[in-house]
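What's in model_17.txt: compact mmCIF, C-alpha atoms
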# COMPACT_ATOMS: atom_id res chain seq x y z
CA MET A 1 57.21 135.09 187.25
CA LYS A 2 59.67 137.22 189.14
CA VAL A 3 63.27 137.07 188.00
CA ASN A 4 65.85 138.86 190.14
CA GLY A 5 63.08 140.90 191.71
CA ALA A 6 61.45 142.09 188.47
CA ALA A 7 58.15 140.75 187.14
CA HIS A 8 58.21 139.17 183.68
CA PRO A 9 55.38 137.89 181.50
CA GLU A 10 54.84 134.17 181.13
CA PRO A 11 56.62 132.50 178.21
CA VAL A 12 54.39 131.77 175.23
CA ASP A 13 55.49 128.25 174.42
CA PRO A 14 54.96 125.66 177.19
CA ARG A 15 57.87 123.56 175.96
CA ARG A 16 60.30 126.45 176.54
CA LEU A 17 62.80 125.33 179.19
CA LEU A 18 63.45 127.77 182.03
CA SER A 19 67.15 127.84 181.05
CA ASP A 20 66.31 128.86 177.47
CA HIS A 21 63.70 131.34 178.65
CA LEU A 22 66.22 133.07 180.89
CA ARG A 23 68.86 133.22 178.18
CA HIS A 24 66.91 133.80 174.98
CA ASP A 25 63.77 135.63 176.09
CA LEU A 26 65.14 137.64 179.03
CA GLY A 27 68.76 138.00 177.89
CA LEU A 28 70.12 136.69 181.20
CA THR A 29 73.00 134.81 179.66
CA GLY A 30 74.85 134.38 182.95
CA THR A 31 72.91 131.14 183.36
CA HIS A 32 74.98 128.74 181.29
CA VAL A 33 73.75 125.67 179.50
CA GLY A 34 75.99 122.62 179.35
CA CYS A 35 74.54 119.14 179.19
CA GLU A 36 70.83 120.04 179.24
CA HIS A 37 69.91 116.89 181.10
CA GLY A 38 70.68 117.80 184.68
CA VAL A 39 74.18 116.37 185.02
CA CYS A 40 76.62 119.29 184.69
CA GLY A 41 74.99 121.84 186.99
CA CYS A 42 75.90 124.88 184.84
CA CYS A 43 72.30 126.07 184.60
CA THR A 44 71.61 126.07 188.35
CA VAL A 45 69.39 128.96 189.52
CA LEU A 46 67.47 129.61 192.73
CA LEU A 47 63.73 128.90 192.69
CA ASP A 48 62.15 130.52 195.73
CA GLY A 49 65.62 130.51 197.28
CA ALA A 50 66.53 126.86 196.68
CA PRO A 51 68.92 125.81 193.91
CA VAL A 52 67.39 123.87 191.00
CA ARG A 53 68.40 122.93 187.47
CA SER A 54 66.82 125.41 185.08
CA CYS A 55 67.22 122.92 182.20
CA LEU A 56 64.96 120.45 184.02
CA MET A 57 62.04 122.85 184.42
CA LEU A 58 59.58 124.24 181.95
CA ALA A 59 59.55 128.03 182.13
CA VAL A 60 55.77 128.00 182.62
CA GLN A 61 56.35 126.10 185.86
CA ALA A 62 58.14 129.11 187.31
CA GLU A 63 54.98 131.21 186.95
CA GLY A 64 54.10 132.57 190.39
CA HIS A 65 57.57 131.80 191.71
CA GLU A 66 60.71 133.81 192.29
CA VAL A 67 63.78 132.97 190.22
CA THR A 68 67.24 134.26 191.10
CA THR A 69 70.03 133.99 188.55
CA ILE A 70 73.71 134.81 188.91
CA GLU A 71 72.90 138.34 187.70
CA GLY A 72 70.62 138.78 190.70
CA LEU A 73 73.19 138.04 193.41
CA ALA A 74 74.78 141.48 193.35
CA ALA A 75 73.64 144.64 191.57
CA ASP A 76 75.98 146.36 189.11
CA GLY A 77 78.56 148.36 191.04
CA ALA A 78 77.49 146.87 194.39
CA PRO A 79 79.88 144.68 196.40
CA LEU A 80 79.96 141.08 195.24
CA HIS A 81 77.87 138.44 196.98
CA PRO A 82 80.07 136.63 199.58
CA VAL A 83 80.11 133.49 197.44
CA GLN A 84 81.18 135.47 194.36
CA GLN A 85 83.79 137.29 196.45
CA ALA A 86 85.15 133.96 197.72
CA PHE A 87 85.40 132.48 194.21
CA HIS A 88 87.22 135.65 193.15
CA GLU A 89 89.65 135.60 196.11
CA CYS A 90 90.44 131.89 195.86
CA HIS A 91 90.40 131.86 192.05
CA GLY A 92 87.81 129.12 192.17
CA LEU A 93 87.57 129.01 188.41
CA GLN A 94 89.60 128.84 185.27
CA CYS A 95 87.58 129.19 182.07
CA GLY A 96 84.52 130.26 184.05
CA PHE A 97 81.89 128.31 182.13
CA CYS A 98 80.77 126.27 185.15
CA THR A 99 81.15 129.15 187.63
CA PRO A 100 77.60 130.58 187.68
CA GLY A 101 76.23 127.11 188.40
CA PHE A 102 78.79 126.49 191.14
CA VAL A 103 78.07 129.86 192.74
CA MET A 104 74.30 129.27 192.77
CA SER A 105 74.73 125.73 194.16
CA VAL A 106 77.07 127.00 196.88
CA VAL A 107 74.63 129.80 197.81
CA GLY A 108 72.06 127.05 198.36
CA LEU A 109 74.51 124.80 200.20
CA LEU A 110 75.49 127.53 202.67
CA GLN A 111 71.87 128.49 203.25
CA GLN A 112 71.11 124.91 204.18
CA ASN A 113 74.36 124.36 206.08
CA PRO A 114 76.33 127.53 206.99
CA HIS A 115 79.31 125.59 208.36
CA PRO A 116 79.89 122.62 206.07
CA SER A 117 82.68 120.13 206.81
CA THR A 118 85.09 119.27 204.00
CA ALA A 119 83.08 116.09 203.31
CA GLU A 120 79.86 118.12 203.20
CA ILE A 121 81.49 120.60 200.83
CA ASP A 122 82.55 117.77 198.54
CA GLU A 123 79.04 116.37 198.57
CA GLY A 124 77.54 119.83 198.15
CA ILE A 125 79.47 120.57 194.96
CA SER A 126 79.35 117.02 193.59
CA GLY A 127 76.43 117.93 191.35
CA ASN A 128 78.48 120.48 189.44
CA LEU A 129 81.15 119.58 186.93
CA CYS A 130 84.31 121.62 186.34
CA ARG A 131 86.68 120.43 183.63
CA CYS A 132 89.48 122.94 184.36
CA THR A 133 90.35 123.36 188.00
CA GLY A 134 90.44 119.90 189.50
CA TYR A 135 88.18 121.36 192.20
CA ALA A 136 90.90 122.21 194.77
CA SER A 137 90.45 125.97 194.41
CA ILE A 138 86.68 125.59 194.31
CA ARG A 139 86.70 123.70 197.62
CA ARG A 140 88.82 126.49 199.13
CA ALA A 141 86.39 129.04 197.74
CA VAL A 142 83.46 127.31 199.46
CA GLN A 143 85.32 127.37 202.78
CA ARG A 144 86.13 131.05 202.25
CA ALA A 145 82.51 131.75 201.31
CA ALA A 146 81.39 130.18 204.58
CA GLU A 147 83.78 132.51 206.45
CA LEU A 148 82.65 135.57 204.52
CA SER A 149 78.99 134.67 205.06
CA LYS A 150 79.32 134.77 208.85
CA PRO A 151 77.23 137.60 210.24
CA MET B 152 67.41 122.14 173.64
CA LYS B 153 63.74 121.83 172.93
CA PRO B 154 61.38 119.19 174.18
CA PRO B 155 58.95 117.96 171.51
CA GLN B 156 55.63 119.77 171.24
CA PHE B 157 52.95 118.83 173.71
CA GLU B 158 49.77 120.27 175.07
CA TYR B 159 50.28 121.59 178.58
CA HIS B 160 47.71 121.14 181.34
CA ALA B 161 48.00 122.47 184.87
CA PRO B 162 45.09 121.10 186.92
CA SER B 163 44.46 122.61 190.34
CA THR B 164 42.88 119.59 192.02
CA VAL B 165 43.53 115.84 192.08
CA ASP B 166 40.03 115.24 190.65
CA GLU B 167 40.78 117.56 187.76
CA ALA B 168 44.10 115.76 187.12
CA CYS B 169 42.32 112.39 187.15
CA ALA B 170 39.65 113.68 184.76
CA LEU B 171 42.39 114.80 182.37
CA LEU B 172 44.15 111.43 182.65
CA ALA B 173 40.85 109.66 181.93
CA SER B 174 40.01 111.76 178.87
CA LEU B 175 43.38 112.36 177.18
CA GLU B 176 45.28 109.89 175.03
CA ASP B 177 49.04 109.65 175.55
CA ALA B 178 49.31 111.90 178.59
CA LYS B 179 52.23 111.99 181.01
CA VAL B 180 52.20 113.32 184.57
CA LEU B 181 54.85 115.94 185.38
CA ALA B 182 55.77 116.17 189.07
CA GLY B 183 59.41 117.02 189.88
CA GLY B 184 60.46 116.51 186.28
CA GLN B 185 63.97 115.38 187.14
CA SER B 186 63.55 112.19 185.09
CA LEU B 187 60.80 113.22 182.68
CA VAL B 188 62.30 116.52 181.48
CA PRO B 189 65.66 114.93 180.46
CA LEU B 190 63.66 112.32 178.53
CA LEU B 191 61.76 115.15 176.83
CA ASN B 192 64.97 117.07 176.15
CA PHE B 193 66.45 114.03 174.44
CA ARG B 194 63.09 113.35 172.79
CA LEU B 195 63.16 109.83 174.16
CA ALA B 196 59.66 110.61 175.42
CA ARG B 197 57.17 112.39 173.15
CA PRO B 198 53.88 112.51 175.02
CA ALA B 199 50.99 114.36 173.37
CA HIS B 200 49.93 115.86 176.70
CA ILE B 201 51.79 116.92 179.84
CA ILE B 202 49.72 117.08 183.01
CA ASP B 203 51.67 119.26 185.42
CA ILE B 204 50.45 118.47 188.95
CA ASN B 205 52.64 121.10 190.64
CA ARG B 206 49.72 123.56 190.89
CA ILE B 207 47.68 121.20 193.06
CA PRO B 208 47.76 122.60 196.61
CA ALA B 209 48.26 120.43 199.72
CA LEU B 210 49.55 117.41 197.80
CA ASP B 211 52.99 117.64 199.42
CA ARG B 212 52.19 116.38 202.89
CA ILE B 213 54.32 113.95 204.86
CA TYR B 214 52.29 112.44 207.71
CA GLU B 215 51.97 109.40 209.94
CA ARG B 216 49.27 106.85 209.27
CA ASP B 217 48.68 103.17 210.05
CA GLY B 218 51.95 102.77 211.92
CA GLY B 219 54.04 104.14 209.10
CA VAL B 220 54.69 107.30 207.12
CA ALA B 221 52.75 108.51 204.09
CA ILE B 222 54.48 110.74 201.55
CA GLN B 223 52.31 112.54 199.04
CA ALA B 224 52.94 113.04 195.33
CA LEU B 225 54.45 116.53 195.52
CA ALA B 226 56.69 116.01 198.56
CA ARG B 227 60.15 116.85 197.23
CA GLN B 228 62.96 114.42 197.96
CA ALA B 229 64.75 117.22 199.85
CA ALA B 230 61.69 117.63 202.09
CA VAL B 231 61.68 113.88 202.73
CA GLU B 232 65.41 114.04 203.51
CA ASP B 233 64.83 116.85 206.03
CA SER B 234 61.61 115.46 207.52
CA GLU B 235 61.79 114.66 211.22
CA THR B 236 58.71 112.46 210.85
CA VAL B 237 60.39 110.32 208.20
CA ALA B 238 63.63 110.15 210.23
CA ARG B 239 61.73 108.98 213.29
CA VAL B 240 59.26 106.57 211.70
CA CYS B 241 61.24 105.22 208.78
CA PRO B 242 64.94 106.22 208.90
CA LEU B 243 65.60 103.73 206.08
CA VAL B 244 63.83 106.16 203.72
CA THR B 245 65.95 109.06 205.03
CA ALA B 246 69.12 107.05 204.39
CA ALA B 247 67.99 105.98 200.91
CA VAL B 248 66.80 109.39 199.71
CA ARG B 249 70.24 110.86 200.47
CA LEU B 250 71.65 108.53 197.82
CA VAL B 251 69.31 109.89 195.14
CA ALA B 252 71.27 112.14 192.76
CA HIS B 253 72.34 115.49 194.29
CA ARG B 254 70.68 117.90 196.68
CA VAL B 255 69.93 120.33 193.84
CA ILE B 256 68.06 117.55 192.00
CA ARG B 257 66.32 116.50 195.24
CA ASN B 258 65.11 120.08 195.73
CA ARG B 259 62.81 119.49 192.79
CA GLY B 260 62.47 115.71 192.40
CA THR B 261 59.70 113.87 194.24
CA LEU B 262 59.80 110.54 196.04
CA CYS B 263 56.54 109.41 194.43
CA GLY B 264 57.96 110.36 191.03
CA SER B 265 60.92 108.03 191.61
CA LEU B 266 58.47 105.20 192.36
CA ALA B 267 56.28 105.91 189.33
CA HIS B 268 59.31 106.27 187.05
CA ALA B 269 60.56 102.86 188.30
CA ASP B 270 64.11 103.06 187.06
CA PRO B 271 65.63 99.64 187.84
CA ALA B 272 68.76 101.28 189.30
CA SER B 273 66.77 103.57 191.58
CA GLU B 274 67.01 103.23 195.37
CA LEU B 275 63.47 104.11 196.48
CA PRO B 276 61.57 101.35 194.62
CA ALA B 277 63.90 98.79 196.25
CA VAL B 278 63.25 100.33 199.66
CA LEU B 279 59.48 100.15 199.14
CA LEU B 280 59.86 96.50 198.13
CA ALA B 281 62.22 95.51 200.96
CA ILE B 282 60.10 97.11 203.62
CA GLY B 283 56.72 96.03 202.21
CA GLY B 284 55.15 99.44 201.57
CA HIS B 285 52.47 100.41 199.11
CA VAL B 286 51.32 103.26 196.91
CA VAL B 287 47.87 104.78 196.56
CA ALA B 288 46.61 105.25 193.00
CA ARG B 289 43.67 107.50 192.20
CA SER B 290 41.55 107.68 189.06
CA THR B 291 38.03 108.69 188.12
CA ARG B 292 37.20 105.01 188.80
CA GLY B 293 38.23 105.36 192.45
CA GLU B 294 41.21 104.70 194.63
CA ARG B 295 43.24 101.53 195.14
CA LEU B 296 46.32 100.40 197.03
CA ILE B 297 49.10 98.75 195.09
CA GLU B 298 51.49 96.70 197.21
CA ALA B 299 55.20 97.14 196.40
CA GLY B 300 55.43 93.51 195.33
CA ARG B 301 52.90 94.12 192.55
CA LEU B 302 53.90 97.65 191.58
CA PHE B 303 57.06 97.16 189.55
CA SER B 304 56.43 95.18 186.38
CA GLY B 305 59.40 95.92 184.11
CA VAL B 306 62.07 98.43 183.17
CA MET B 307 60.38 101.77 183.96
CA GLU B 308 57.03 99.99 183.94
CA THR B 309 54.54 99.78 186.77
CA ALA B 310 51.10 98.40 187.50
CA LEU B 311 49.70 101.95 187.39
CA ALA B 312 47.03 102.21 184.69
CA PRO B 313 47.32 105.05 182.14
CA ASP B 314 44.44 106.89 183.84
CA GLU B 315 45.83 106.55 187.37
CA LEU B 316 47.70 109.14 189.40
CA LEU B 317 50.09 107.98 192.13
CA VAL B 318 48.95 110.26 194.96
CA GLU B 319 50.79 108.81 197.92
CA ALA B 320 53.43 106.29 198.98
CA TRP B 321 53.35 104.57 202.35
CA PHE B 322 56.30 103.05 204.21
CA PRO B 323 55.91 101.02 207.42
CA THR B 324 58.18 101.66 210.39
CA SER B 325 61.77 100.66 209.58
CA PRO B 326 62.56 97.24 210.99
CA GLN B 327 65.93 96.92 212.74
CA PRO B 328 68.56 96.53 211.60
CA PHE B 329 68.36 98.20 208.23
CA ALA B 330 70.88 99.29 205.62
CA VAL B 331 70.99 100.70 202.13
CA ILE B 332 74.31 100.41 200.34
CA GLU B 333 75.20 101.00 196.72
CA GLU B 334 78.20 101.23 194.47
CA SER B 335 78.38 103.91 191.81
CA ARG B 336 81.21 105.38 189.76
CA ARG B 337 80.64 108.90 191.06
CA HIS B 338 78.69 110.32 193.97
CA GLY B 339 75.08 110.84 192.90
CA ASP B 340 75.25 108.60 189.84
CA PHE B 341 72.87 105.75 189.32
CA ALA B 342 74.11 102.68 191.16
CA LEU B 343 75.89 99.88 189.33
CA ALA B 344 74.31 97.67 191.97
CA GLY B 345 72.74 98.25 195.35
CA VAL B 346 71.16 96.41 198.26
CA VAL B 347 68.51 97.27 200.82
CA ARG B 348 68.30 95.34 204.04
CA ALA B 349 65.17 95.53 206.21
CA ALA B 350 65.68 93.12 209.14
CA ASP B 351 65.93 89.70 207.43
CA ARG B 352 64.65 90.88 204.05
CA LEU B 353 66.96 91.82 201.21
CA ALA B 354 66.07 93.75 198.05
CA LEU B 355 68.44 94.44 195.18
CA PHE B 356 68.49 97.24 192.64
CA GLY B 357 70.39 97.88 189.42
CA VAL B 358 70.74 94.17 188.64
CA ALA B 359 67.38 93.21 187.10
CA PRO B 360 64.57 94.89 185.12
CA THR B 361 62.87 95.72 188.44
CA PRO B 362 63.99 95.78 192.06
CA VAL B 363 63.95 92.19 193.31
CA LEU B 364 63.81 90.38 196.63
CA ALA B 365 66.69 88.00 197.23
CA ASP B 366 67.77 85.34 199.69
CA PRO B 367 70.38 86.91 202.02
CA ARG B 368 72.23 83.57 202.17
CA ASP B 369 72.44 83.31 198.38
CA PRO B 370 71.76 86.80 197.04
CA THR B 371 72.79 86.24 193.42
CA ARG B 372 70.70 83.09 192.84
CA GLY B 373 68.79 83.36 189.56
CA LEU B 374 70.15 86.83 188.79
CA GLN B 375 71.15 87.71 185.24
CA PRO B 376 72.23 91.35 185.36
CA SER B 377 73.01 93.14 182.13
CA GLY B 378 76.43 94.48 181.24
CA ASP B 379 77.30 97.93 179.94
CA LEU B 380 80.27 100.27 179.63
CA GLU B 381 80.38 100.77 183.39
CA ALA B 382 80.12 97.18 184.64
CA THR B 383 80.05 93.65 183.29
CA PRO B 384 77.35 91.22 184.49
CA GLU B 385 80.02 89.36 186.50
CA PHE B 386 81.09 92.55 188.24
CA ARG B 387 77.48 93.36 189.14
CA LEU B 388 77.08 89.87 190.65
CA HIS B 389 80.29 90.40 192.60
CA LEU B 390 78.98 93.73 193.90
CA VAL B 391 75.71 92.13 195.01
CA ARG B 392 77.60 89.51 197.02
CA VAL B 393 79.91 92.07 198.64
CA LEU B 394 77.21 94.65 199.38
CA ALA B 395 74.79 92.04 200.78
CA GLU B 396 77.53 90.73 203.04
CA LYS B 397 78.22 94.28 204.24
CA ALA B 398 74.53 94.94 204.85
CA PHE B 399 74.12 91.80 206.91
CA ALA B 400 77.38 92.25 208.84
CA ALA B 401 75.86 95.26 210.61

For this file, produce the structure as structure tokens.
Amino acid sequence: MKVNGAAHPEPVDPRRLLSDHLRHDLGLTGTHVGCEHGVCGCCTVLLDGAPVRSCLMLAVQAEGHEVTTIEGLAADGAPLHPVQQAFHECHGLQCGFCTPGFVMSVVGLLQQNPHPSTAEIDEGISGNLCRCTGYASIRRAVQRAAELSKP
Amino acid sequence: MKPPQFEYHAPSTVDEACALLASLEDAKVLAGGQSLVPLLNFRLARPAHIIDINRIPALDRIYERDGGVAIQALARQAAVEDSETVARVCPLVTAAVRLVAHRVIRNRGTLCGSLAHADPASELPAVLLAIGGHVVARSTRGERLIEAGRLFSGVMETALAPDELLVEAWFPTSPQPFAVIEESRRHGDFALAGVVRAADRLALFGVAPTPVLADPRDPTRGLQPSGDLEATPEFRLHLVRVLAEKAFAA
């Protein structure tokens, strides 16, 4: 499978979850693990460009596919991805645990719908849980990300 | 978290998948995995074999047939949601699939998987029942149609035999008017109760071991919903009355 553009060998154990494979085998600990049953959204990654829960996939299922994690959005030293930049500007986080999942979900949301209404933003982030912010700053960050993503 | 140990199979054709299902004891089909993988993670399901059908090419088609729309086993719920064919032929399915979890889940989850999983609080089984659709089951013994009315047999139980693969679901053209309305605590949660209206037919979900057809004039007759932390049986009956009234007011 390709992760952030680099080819990696297939995991040995078929029961290895993609989330655990990314963290434990590849050291990509930016993908966080919260509930591990698809509710919290912390482990969201892009599979062939579309956001999915990495805790609800076996790593072997990603064989032949392209996975993008939060580490893959912007190279070290390069400018931040517009969604990362927006979360930074609007302080769309507090403790930061949920942030990688939010960012990956919002990347997917804006790909599907570059100009979401406030209702569409609410629906778009409803699959991610944040226990710090109360979401107000995250909603602003999504609006800002949409602005920054304009060509 | 670690799912229990299983033997992993990734067939590349439907025939190969059916041969595996026929020969293996205690095998489970993995499609989108959005219901099965959580069950594995919690070890509520411990199948000896996982048959991952995601490597089977051309099993994700959405196409018109027999005056309705057929949706194959690997068509993701997001693809169904975005499908112009589904929106034109059976907009009731488009409306219902939008209520299934969140977009990120729908990117992976399959419509046929929701039917085979048969969660009593799930929207799509109730839609299939209200509208009178069917599924196509394949095995090494052949292929058969299972009408919606005979498909759902209990909580997460269906008339599919252990050696059968659900390869396709079929929905007839949406009758007018139609509606699908549910009440849940949070957006994307399983419904406490929900109703599907297809012209003069009414199906309920979340209030019985399977989706059930009900009389629109007396929707709660004979119902004995269970209670839990989120809703008492009485509250679920109240929701059925209110939601059915809303659905038929349109």

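Close to (51.9, 122.3, 173.1), meaning no more than 7 Å away when counting all atoms listed in the file, sit the residues Pro14 and Arg15 of chain A; Gln156, Phe157, Glu158 and Tyr159 of chain B.
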
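Atom pair CA of Thr261 (chain B) / CA of Val33 (chain A): separated by 23.5 Å.
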
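Nearest-residue note for Arg131 (chain A): choosing from A:Gly5, A:Gly34, A:Pro82, A:Pro51, the minimum distance belongs to A:Gly34, counting all atoms listed in the file.
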
Output as CSV one row per residue of chain B within 8 Å of chain A: the closest atom pair and its distance in Å to one decimal place, counting all atoms listed in the file, sorted by chain and residue number ascending.
residue,atom,partner,partner_atom,distance
B:Met152,CA,A:Glu36,CA,6.9
B:Lys153,CA,A:Arg16,CA,6.8
B:Pro154,CA,A:Arg15,CA,5.9
B:Pro155,CA,A:Arg15,CA,7.2
B:Gln156,CA,A:Arg15,CA,6.5
B:Phe157,CA,A:Arg15,CA,7.2
B:Glu158,CA,A:Pro14,CA,7.8
B:Tyr159,CA,A:Pro14,CA,6.4
B:Gly184,CA,A:Leu56,CA,6.4
B:Gln185,CA,A:Leu56,CA,6.0
B:Val188,CA,A:Leu56,CA,5.4
B:Pro189,CA,A:His37,CA,4.7
B:Asn192,CA,A:His37,CA,7.0
B:Asn205,CA,A:Gln61,CA,7.8
B:Ala252,CA,A:Gly127,CA,7.9
B:His253,CA,A:Gly127,CA,5.6
B:Arg254,CA,A:Gly124,CA,7.3
B:Val255,CA,A:Val52,CA,5.2
B:Ile256,CA,A:Val52,CA,6.4
B:Asn258,CA,A:Val52,CA,6.5
B:Arg259,CA,A:Val52,CA,6.6
B:His338,CA,A:Ser126,CA,6.7
B:Gly339,CA,A:Gly127,CA,7.4

Practice task
Take CA of Val331 (chain B) and CA of Val346 (chain B) and report the distance between them in Å, one decimal.
Solution key: 5.8 Å

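Atom pair CA of Phe97 (chain A) / CA of Cys40 (chain A): separated by 10.8 Å.
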
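Each of A:Glu63, A:Leu22, A:Leu28, A:Leu93 was compared to Pro9 (chain A) using all atoms listed in the file, and A:Glu63 turns out to be the nearest.
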
Completion exercise
Restricting to all atoms listed in the file, whichever of B:Arg239, B:Thr361, B:Ser186, B:Ala161 is closest to Ile201 (chain B) is B:Ala161

Practice task
Excluding Ile332 (chain B) and any residue of its chain fewer than 6 positions from it, enumerate the residues within 7 Å of it, using all atoms listed in the file, and give them as a list in words.
Solution key: Gly345, Val346, Val347 and Leu394 of chain B

Handout entry: Spatial neighbours of Ile70 (chain A), 7 Å, only C-alpha atoms, chain gap at least 6 places, as a PyMOL selection string
Key = chain A and resi 30-31+100+104

Practice task
Would you mind listing what lies within 10 Å of His200 (chain B) as a PyMOL selection string, with all atoms listed in the file counted and same-chain residues fewer than 3 positions away left out?
Solution key: chain B and resi 156-160+171-172+175-181+197+203

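The environment of Gly378 (chain B) within 10 Å, counting all atoms listed in the file and disregarding residues fewer than 5 places along the same chain, consists of B:Leu343, B:Val358, B:Thr383, B:Pro384, B:Glu385, B:Phe386, B:Arg387.
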